[in-house]
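First the structure, in the form of structure tokens, and then the observations on it.
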Amino acid sequence: MATSCCPANSWGAPLQVNHGIKSLDGTKGKLCKIGPSKDLEIYVSRPSEEGSQKALCVLTDVYGLQSRIFAICDKLASELKVTVVALDTFRGETKDDHLLDFKEWLECHPFERGVAEDNGTSAIVYPVKGDIESCFEFLMNTYNIHPTNVGAVGFCWGTWALTRACAMKLFSCGVGFHPSIRIESDVFGGDQQAIMKEAAANAPILFFVAGNDLDNLKPSKDGALARRIALSSNVKEAKEGDKGAPRCIEFPDMMHGWVSRGDTSIKKVEEDAEAALNLAVDFLKHWM
């Protein structure tokens, strides 16, 4: 964990030639800044036709806002007919800016205030919960969308943040791609199973798990976190085999990061990324 929150042999930084740039070319949304200090940049995508009074909050991986994330937001907004807001909780920085102090950098982004202040540094702390609340305020003030009508999508680090948020009943449902739930224990000294138990009890959750993700997320390995999601009370509201059933879905041939930063010029990566996103849309349609 000293240098990464991802397992070995994961996709690294997004490829510049494909989508590792912060460009709005070909996108449908816009960038703007919100929050008390107007320093939280967000990407906002809206459906082309009249949508519902619902929204999705997208929590990125440690590479922040980039054009692949923009394209995913546009797809979700169009197919779900909801407003989608992706948050740059890292304020323009990425993992590549903190290869020598990666753990300390993540500690400056705790879920709630009160963690990083005790690590002996003078670094500025950006609690994730505060950024989510800024997103809620923006949605309410701009589009009259109430926080109770907001679901969430997370990638890698963002899935940890999503899980913490669902444990506090902040989102109506959650979808996570290649989760890095280990951040809870490895960075903040918390209990992965405890937060997963609370999150799954409070909101329907769907996770997409790569072949090199941890076994505790894999149904094929009888993983503890996978069991916790599948045994959640929300399963009662979705029939077995239903597209809306809370569960973990494995993509054993994929490497961690394939949806948000995999090389989609590789046919199999493109196909499995699209397959995961389509399953996510089906799940979100059921619960939003």
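In the structure tokens, chains take the letters A, B, ... in the order shown, each chain's residues start at 1, and ligands count up from 1 in the order shown.
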
- Task: Can you pull out every residue within 8 Å of stretch 77-88 of chain A, counting only C-alpha atoms, but drop anything in the same chain fewer than 4 positions away, and send it as a count of residues only?
- Result: 31

- Task: Can you list, as number ranges by chain, all residues belonging to stretch 67-166 of chain A that DSSP tags as alpha helix (DSSP H)?
- Result: A: 67-80, 102-107, 128-143, 157-166

- Using DSSP on the backbone coordinates, identify the residues of stretch 28-184 of chain A assigned to strand (DSSP E); present them as a PyMOL selection string. chain A and resi 30-34+40-45+55-59+83-87+150-155+174-177

Could you take the residues named above and write them with C-alpha atoms, as a PDB file, in the first residue's frame?
```pdb
ATOM      1  CA  LYS A  30     -19.253  20.648 -18.934  1.00  0.00           C
ATOM      2  CA  LEU A  31     -16.696  21.384 -16.217  1.00  0.00           C
ATOM      3  CA  CYS A  32     -17.337  23.775 -13.368  1.00  0.00           C
ATOM      4  CA  LYS A  33     -16.199  24.366  -9.801  1.00  0.00           C
ATOM      5  CA  ILE A  34     -18.315  24.122  -6.668  1.00  0.00           C
ATOM      6  CA  LEU A  40     -13.951  21.216  -6.236  1.00  0.00           C
ATOM      7  CA  GLU A  41     -14.042  20.681  -9.989  1.00  0.00           C
ATOM      8  CA  ILE A  42     -16.882  18.578 -11.348  1.00  0.00           C
ATOM      9  CA  TYR A  43     -17.943  17.215 -14.704  1.00  0.00           C
ATOM     10  CA  VAL A  44     -21.704  17.487 -15.279  1.00  0.00           C
ATOM     11  CA  SER A  45     -23.521  15.482 -17.938  1.00  0.00           C
ATOM     12  CA  ALA A  55     -28.845  12.005 -10.245  1.00  0.00           C
ATOM     13  CA  LEU A  56     -25.676   9.947 -10.016  1.00  0.00           C
ATOM     14  CA  CYS A  57     -22.545  11.025  -8.172  1.00  0.00           C
ATOM     15  CA  VAL A  58     -19.387   9.547  -9.739  1.00  0.00           C
ATOM     16  CA  LEU A  59     -16.351   9.020  -7.507  1.00  0.00           C
ATOM     17  CA  THR A  83     -27.983  14.061 -14.212  1.00  0.00           C
ATOM     18  CA  VAL A  84     -24.468  12.700 -13.666  1.00  0.00           C
ATOM     19  CA  VAL A  85     -21.822  14.577 -11.680  1.00  0.00           C
ATOM     20  CA  ALA A  86     -18.221  13.330 -11.429  1.00  0.00           C
ATOM     21  CA  LEU A  87     -16.143  14.817  -8.591  1.00  0.00           C
ATOM     22  CA  VAL A 150     -28.980  10.421  -5.757  1.00  0.00           C
ATOM     23  CA  GLY A 151     -27.181   7.134  -6.434  1.00  0.00           C
ATOM     24  CA  ALA A 152     -23.452   6.622  -6.820  1.00  0.00           C
ATOM     25  CA  VAL A 153     -20.855   5.024  -9.071  1.00  0.00           C
ATOM     26  CA  GLY A 154     -17.269   4.489  -7.979  1.00  0.00           C
ATOM     27  CA  PHE A 155     -14.009   3.327  -9.532  1.00  0.00           C
ATOM     28  CA  GLY A 174     -24.202   2.127  -5.425  1.00  0.00           C
ATOM     29  CA  VAL A 175     -22.206   0.529  -8.245  1.00  0.00           C
ATOM     30  CA  GLY A 176     -18.465  -0.039  -7.894  1.00  0.00           C
ATOM     31  CA  PHE A 177     -15.935  -1.054 -10.539  1.00  0.00           C
TER      32      PHE A 177
END
```

- Item | Of the listed residues A:Ser4, A:Thr27, A:Asn149, A:Thr159, that which approaches A:Lys75 most closely, counting only C-alpha atoms |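 Going through A:Ser4, A:Thr27, A:Asn149, A:Thr159 one by one, the smallest distance to A:Lys75 is for A:Thr27.
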
- Quick one: everything within 12 Å of A:Asp186, counting only C-alpha atoms, minus sequence neighbours fewer than 4 positions away in the same chain. Send it as a PyMOL selection string. chain A and resi 1-6+102-104+106-107+160+180-182+190-192

- Which of these residues is nearest to A:Asp96, using only C-alpha atoms: A:Met140, A:Ser265, A:Val62, A:Met254?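 Of all the options, A:Val62 lies closest to A:Asp96.
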
- Given only C-alpha atoms as the counted atoms, nearest of A:Leu225, A:Ala273, A:Leu206, A:Leu217 to A:Ala245: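 The shortest atom-to-atom distance to A:Ala245 comes from A:Leu206.
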
- Of the candidates A:Leu99, A:Ile145, A:Ile132, A:Ala210, which one gets nearest to A:Leu162 if we count only C-alpha atoms?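 Residue with the minimum atom-to-atom distance to A:Leu162: A:Ile132.
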
12 Å contact set for A:Phe111, only C-alpha atoms, chain neighbours under 2 positions out, as a tab-separated table (two decimals) with N, CA and C atoms, in the first residue's frame:
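Done, and the output landed in selection_38.tsv:
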```tsv
chain	number	residue	atom	x	y	z
A	89	THR	N	-12.21	14.94	-6.41
A	89	THR	CA	-11.91	15.10	-4.98
A	89	THR	C	-10.43	15.34	-4.72
A	106	LEU	N	-3.28	9.86	0.36
A	106	LEU	CA	-4.62	9.34	0.58
A	106	LEU	C	-5.14	9.71	1.96
A	107	GLU	N	-4.25	9.77	2.95
A	107	GLU	CA	-4.67	10.15	4.30
A	107	GLU	C	-5.22	11.57	4.35
A	108	CYS	N	-4.85	12.38	3.36
A	108	CYS	CA	-5.37	13.76	3.29
A	108	CYS	C	-6.76	13.80	2.65
A	109	HIS	N	-7.27	12.63	2.30
A	109	HIS	CA	-8.62	12.53	1.75
A	109	HIS	C	-9.40	11.49	2.53
A	113	ARG	N	-13.64	14.40	8.41
A	113	ARG	CA	-12.55	15.14	9.05
A	113	ARG	C	-12.20	14.49	10.39
A	114	GLY	N	-10.91	14.54	10.73
A	114	GLY	CA	-10.50	14.02	12.03
A	114	GLY	C	-9.49	12.91	11.94
A	115	VAL	N	-9.14	12.48	10.71
A	115	VAL	CA	-8.17	11.41	10.56
A	115	VAL	C	-6.79	11.96	10.23
A	116	ALA	N	-6.69	12.69	9.12
A	116	ALA	CA	-5.37	13.11	8.66
A	116	ALA	C	-4.75	14.19	9.53
A	125	VAL	N	-6.46	19.00	4.36
A	125	VAL	CA	-7.31	17.82	4.37
A	125	VAL	C	-8.60	18.12	3.60
A	126	TYR	N	-8.99	17.18	2.74
A	126	TYR	CA	-10.21	17.33	1.96
A	126	TYR	C	-11.13	16.13	2.25
A	127	PRO	N	-11.96	16.19	3.27
A	127	PRO	CA	-12.84	15.07	3.59
A	127	PRO	C	-13.82	14.79	2.44
A	128	VAL	N	-13.95	13.52	2.08
A	128	VAL	CA	-14.80	13.12	0.97
A	128	VAL	C	-16.27	13.44	1.26
A	129	LYS	N	-16.69	13.24	2.48
A	129	LYS	CA	-18.09	13.50	2.83
A	129	LYS	C	-18.45	14.97	2.55
A	130	GLY	N	-17.53	15.87	2.81
A	130	GLY	CA	-17.78	17.28	2.53
A	130	GLY	C	-17.95	17.54	1.05
A	131	ASP	N	-17.16	16.84	0.22
A	131	ASP	CA	-17.30	17.00	-1.23
A	131	ASP	C	-18.63	16.44	-1.73
A	132	ILE	N	-19.05	15.31	-1.16
A	132	ILE	CA	-20.36	14.75	-1.53
A	132	ILE	C	-21.48	15.71	-1.14
A	133	GLU	N	-21.36	16.31	0.03
A	133	GLU	CA	-22.37	17.28	0.46
A	133	GLU	C	-22.39	18.50	-0.45
A	157	TRP	N	-10.50	3.55	-5.91
A	157	TRP	CA	-10.60	4.36	-4.69
A	157	TRP	C	-12.03	4.85	-4.50
A	158	GLY	N	-12.68	5.23	-5.59
A	158	GLY	CA	-14.04	5.75	-5.50
A	158	GLY	C	-15.04	4.75	-4.98
A	160	TRP	N	-14.30	2.58	-2.56
A	160	TRP	CA	-14.14	2.70	-1.09
A	160	TRP	C	-14.98	3.88	-0.59
A	161	ALA	N	-14.87	5.03	-1.25
A	161	ALA	CA	-15.61	6.22	-0.84
A	161	ALA	C	-17.12	5.98	-0.93
A	162	LEU	N	-17.54	5.31	-1.99
A	162	LEU	CA	-18.96	4.97	-2.17
A	162	LEU	C	-19.45	4.08	-1.02
A	163	THR	N	-18.64	3.10	-0.64
A	163	THR	CA	-19.02	2.18	0.43
A	163	THR	C	-19.16	2.91	1.75
A	164	ARG	N	-18.21	3.80	2.05
A	164	ARG	CA	-18.31	4.58	3.27
A	164	ARG	C	-19.57	5.45	3.26
A	165	ALA	N	-19.88	6.02	2.10
A	165	ALA	CA	-21.06	6.88	1.98
A	165	ALA	C	-22.35	6.08	2.16
A	166	CYS	N	-22.42	4.90	1.56
A	166	CYS	CA	-23.61	4.07	1.70
A	166	CYS	C	-23.77	3.59	3.14
A	167	ALA	N	-22.66	3.38	3.83
A	167	ALA	CA	-22.73	3.00	5.24
A	167	ALA	C	-23.39	4.09	6.07
A	168	MET	N	-23.31	5.35	5.59
A	168	MET	CA	-23.92	6.48	6.28
A	168	MET	C	-25.25	6.90	5.64
A	183	ILE	N	-8.53	0.07	1.19
A	183	ILE	CA	-8.12	1.38	1.68
A	183	ILE	C	-8.61	1.59	3.11
A	184	GLU	N	-9.79	1.08	3.42
A	184	GLU	CA	-10.34	1.26	4.76
A	184	GLU	C	-9.39	0.73	5.83
A	187	VAL	N	-5.10	2.08	4.88
A	187	VAL	CA	-4.79	3.51	5.04
A	187	VAL	C	-5.35	4.07	6.33
A	188	PHE	N	-6.59	3.72	6.64
A	188	PHE	CA	-7.27	4.36	7.78
A	188	PHE	C	-7.45	3.46	8.99
A	190	GLY	N	-9.32	0.92	9.51
A	190	GLY	CA	-10.69	0.53	9.79
A	190	GLY	C	-10.95	-0.93	9.49
```
